[in-house]
file data_19.pdb (PDB, C-alpha atoms)
ATOM      1  CA  MET E   1      -5.643  -3.314 -18.911
ATOM      2  CA  ARG E   2      -5.097  -4.371 -15.326
ATOM      3  CA  THR E   3      -6.165  -2.066 -12.515
ATOM      4  CA  SER E   4      -5.218  -3.023  -9.016
ATOM      5  CA  ASP E   5      -3.682  -1.878  -5.779
ATOM      6  CA  GLN E   6      -1.464  -4.987  -5.798
ATOM      7  CA  PRO E   7       0.128  -6.102  -9.091
ATOM      8  CA  ALA E   8      -0.176  -9.744 -10.076
ATOM      9  CA  LEU E   9       2.824 -11.917 -10.863
ATOM     10  CA  GLY E  10       4.134 -11.245 -14.345
ATOM     11  CA  TRP E  11       2.766  -7.699 -14.615
ATOM     12  CA  THR E  12       4.554  -5.079 -16.668
ATOM     13  CA  VAL E  13       2.374  -1.965 -16.477
ATOM     14  CA  VAL E  14      -0.392  -1.291 -13.967
ATOM     15  CA  LEU E  15      -2.771   1.615 -13.383
ATOM     16  CA  ARG E  16      -3.591   1.869  -9.691
ATOM     17  CA  ARG E  17      -5.105   4.284  -7.210
ATOM     18  CA  GLN E  18      -2.334   6.438  -5.803
ATOM     19  CA  PRO E  19      -1.556   5.716  -2.149
ATOM     20  CA  VAL E  20      -1.405   8.741   0.153
ATOM     21  CA  ARG E  21       2.133   7.604   1.004
ATOM     22  CA  ILE E  22       4.260   4.452   0.970
ATOM     23  CA  VAL E  23       6.309   3.513   4.035
ATOM     24  CA  THR E  24       8.602   0.456   3.963
ATOM     25  CA  GLY E  25       6.898  -0.727   0.802
ATOM     26  CA  GLN E  26       3.336  -0.534   2.177
ATOM     27  CA  ALA E  27       0.563   1.976   1.491
ATOM     28  CA  GLU E  28      -0.282   4.084   4.535
ATOM     29  CA  GLY E  29      -3.005   6.628   5.048
ATOM     30  CA  GLY E  30      -5.382   5.194   2.476
ATOM     31  CA  TYR E  31      -5.616   6.124  -1.173
ATOM     32  CA  SER E  32      -6.152   9.384  -3.033
ATOM     33  CA  ASP E  33      -8.753  10.037  -5.730
ATOM     34  CA  VAL E  34      -6.171   9.947  -8.538
ATOM     35  CA  PHE E  35      -4.412   7.107 -10.337
ATOM     36  CA  GLU E  36      -0.803   6.404 -11.223
ATOM     37  CA  LEU E  37       0.906   4.336 -13.888
ATOM     38  CA  ILE E  38       3.609   1.959 -12.635
ATOM     39  CA  CYS E  39       5.856   0.457 -15.341
ATOM     40  CA  ALA E  40       8.296  -2.236 -14.261
ATOM     41  CA  ASP E  41       9.955  -2.264 -17.692
ATOM     42  CA  CYS E  42      10.823   1.418 -17.275
ATOM     43  CA  GLY E  43      12.428   0.741 -13.887
ATOM     44  CA  ASP E  44       9.557   1.711 -11.586
ATOM     45  CA  HIS E  45       8.432  -0.418  -8.643
ATOM     46  CA  PRO E  46       5.099  -0.258  -6.772
ATOM     47  CA  GLU E  47       6.806  -0.311  -3.365
ATOM     48  CA  LEU E  48       8.549   3.015  -4.045
ATOM     49  CA  ASP E  49       6.897   6.253  -3.007
ATOM     50  CA  TYR E  50       6.408   8.916  -5.674
ATOM     51  CA  ARG E  51       8.987  11.125  -3.925
ATOM     52  CA  ASP E  52      11.582   8.331  -4.153
ATOM     53  CA  ILE E  53      11.591   7.880  -7.930
ATOM     54  CA  SER E  54      13.351   9.850 -10.660
ATOM     55  CA  PRO E  55      11.705  12.829 -12.374
ATOM     56  CA  ARG E  56      11.379  10.707 -15.549
ATOM     57  CA  LEU E  57       9.414   8.046 -13.670
ATOM     58  CA  GLN E  58       7.339  10.732 -11.946
ATOM     59  CA  ARG E  59       6.306  12.019 -15.389
ATOM     60  CA  ILE E  60       5.245   8.505 -16.410
ATOM     61  CA  ARG E  61       3.525   7.791 -13.082
ATOM     62  CA  GLY E  62       1.245  10.793 -13.111
ATOM     63  CA  PRO E  63      -0.986  11.363 -11.134
ATOM     64  CA  TYR E  64      -4.000  11.122 -13.443
ATOM     65  CA  PRO E  65      -7.773  11.301 -13.083
ATOM     66  CA  LEU E  66      -9.201   7.909 -14.085
ATOM     67  CA  ALA E  67     -10.030   8.686 -17.739
ATOM     68  CA  SER E  68      -6.655  10.377 -18.298
ATOM     69  CA  GLY E  69      -4.911   7.458 -16.574
ATOM     70  CA  VAL E  70      -6.550   4.952 -18.909
ATOM     71  CA  ALA E  71      -5.472   7.072 -21.897
ATOM     72  CA  ALA E  72      -1.915   7.382 -20.492
ATOM     73  CA  TYR E  73      -1.798   3.608 -19.936
ATOM     74  CA  ASP E  74      -2.804   2.959 -23.552
ATOM     75  CA  ARG E  75      -0.395   5.599 -24.899
ATOM     76  CA  HIS E  76       2.480   4.259 -22.756
ATOM     77  CA  LEU E  77       1.956   0.714 -24.017
ATOM     78  CA  LYS E  78       1.830   1.857 -27.631
ATOM     79  CA  LEU E  79       4.854   4.151 -27.410
ATOM     80  CA  SER E  80       7.111   2.336 -24.968
ATOM     81  CA  HIS E  81       6.375  -1.354 -25.301
ATOM     82  CA  GLN E  82       6.169  -2.001 -29.026
ATOM     83  CA  GLN E  83       9.935  -2.542 -29.148
ATOM     84  CA  VAL E  84      11.822  -5.705 -28.265
ATOM     85  CA  PRO E  85      13.303  -5.481 -24.727
ATOM     86  CA  GLY E  86      16.802  -4.052 -24.827
ATOM     87  CA  SER E  87      16.337  -2.553 -28.286
ATOM     88  CA  PRO E  88      17.503   1.005 -29.031
ATOM     89  CA  GLY E  89      15.231   3.700 -27.712
ATOM     90  CA  ARG E  90      14.202   2.031 -24.439
ATOM     91  CA  ARG E  91      15.608   3.631 -21.305
ATOM     92  CA  THR E  92      15.443   2.441 -17.747
ATOM     93  CA  ASP E  93      15.703   4.378 -14.514
ATOM     94  CA  ALA E  94      19.105   2.714 -14.064
ATOM     95  CA  ASP E  95      20.170   4.321 -17.366
ATOM     96  CA  ASP E  96      19.181   7.728 -15.959
ATOM     97  CA  ARG E  97      21.157   7.166 -12.744
ATOM     98  CA  GLN E  98      24.224   6.042 -14.702
ATOM     99  CA  GLY E  99      23.936   8.864 -17.242
ATOM    100  CA  VAL E 100      23.488   6.513 -20.215
ATOM    101  CA  ALA E 101      22.640   8.523 -23.325
ATOM    102  CA  GLN E 102      19.599   7.789 -25.470
ATOM    103  CA  ARG E 103      20.650   5.393 -28.231
TER     104      ARG E 103
END
call {"tool": "encode", "arguments": {"input": "data_19.pdb", "output": "structure tokens"}}
result
Amino acid sequence: MRTSDQPALGWTVVLRRQPVRIVTGQAEGGYSDVFELICADCGDHPELDYRDISPRLQRIRGPYPLASGVAAYDRHLKLSHQQVPGSPGRRTDADDRQGVAQR
């Protein structure tokens, strides 16, 4: 598991402390005491504020206390990333915006 405020190159899923807010892609106002799960494969991006993502991504993101965030990270990897990219069953945020039905 990778925990960080800034994802490294090649990351897919990261558990990070939740910024108070994100303005023009940068954390402002410090960080809260909870954590959030950011999944690039699901269509999320760390430069987007929680209020700017879809309800589906908000459910994935959290927020979580640390122990719950670690459990959510593990569960998300097991449930969402065991399939080959593009295989049936994987949805992206773009699918939600375009109204693509679950395959």
call {"tool": "closest_residue", "arguments": {"input": "data_19.pdb", "among": "E:Ala67, E:Ser54, E:Val34, E:Val13", "to": "His81 of chain E", "atoms": "all atoms listed in the file"}}
result
E:Val13
call {"tool": "atom_distance", "arguments": {"input": "data_19.pdb", "atom1": "atom CA of Ala72 of chain E", "atom2": "atom CA of Gln58 of chain E"}}
result
13.0 Å
call {"tool": "atom_distance", "arguments": {"input": "data_19.pdb", "atom1": "atom CA of Ile22 of chain E", "atom2": "atom CA of Arg75 of chain E"}}
result
26.3 Å
call {"tool": "resolve_selection", "arguments": {"input": "data_19.pdb", "expression": "the PyMOL selection byres ((chain E and resi 20) around 9)", "output": "list in words"}}
result
Gln18, Pro19, Arg21, Ile22, Ala27, Glu28, Gly29, Gly30, Tyr31 and Ser32 of chain E
call {"tool": "closest_residue", "arguments": {"input": "data_19.pdb", "among": "E:Ala40, E:Trp11, E:Gly25, E:Gln82", "to": "Ile60 of chain E", "atoms": "all atoms listed in the file"}}
result
E:Ala40
call {"tool": "atom_distance", "arguments": {"input": "data_19.pdb", "atom1": "atom CA of Ser68 of chain E", "atom2": "atom CA of Val14 of chain E"}}
result
13.9 Å
call {"tool": "closest_residue", "arguments": {"input": "data_19.pdb", "among": "E:Leu77, E:Leu15, E:Val23, E:Leu37", "to": "Asp49 of chain E", "atoms": "all atoms listed in the file"}}
result
E:Val23
call {"tool": "axis_aligned_box", "arguments": {"input": "data_19.pdb", "around": "segment 12-31 of chain E", "padding_each_side": "8 Å", "output": "AutoDock Vina command-line options"}}
result
--center_x 1.5 --center_y 1.8 --center_z -5.8 --size_x 30.2 --size_y 29.8 --size_z 37.7
call {"tool": "closest_residue", "arguments": {"input": "data_19.pdb", "among": "E:Leu48, E:Pro55, E:Cys39, E:Thr24", "to": "Tyr73 of chain E", "atoms": "only C-alpha atoms"}}
result
E:Cys39
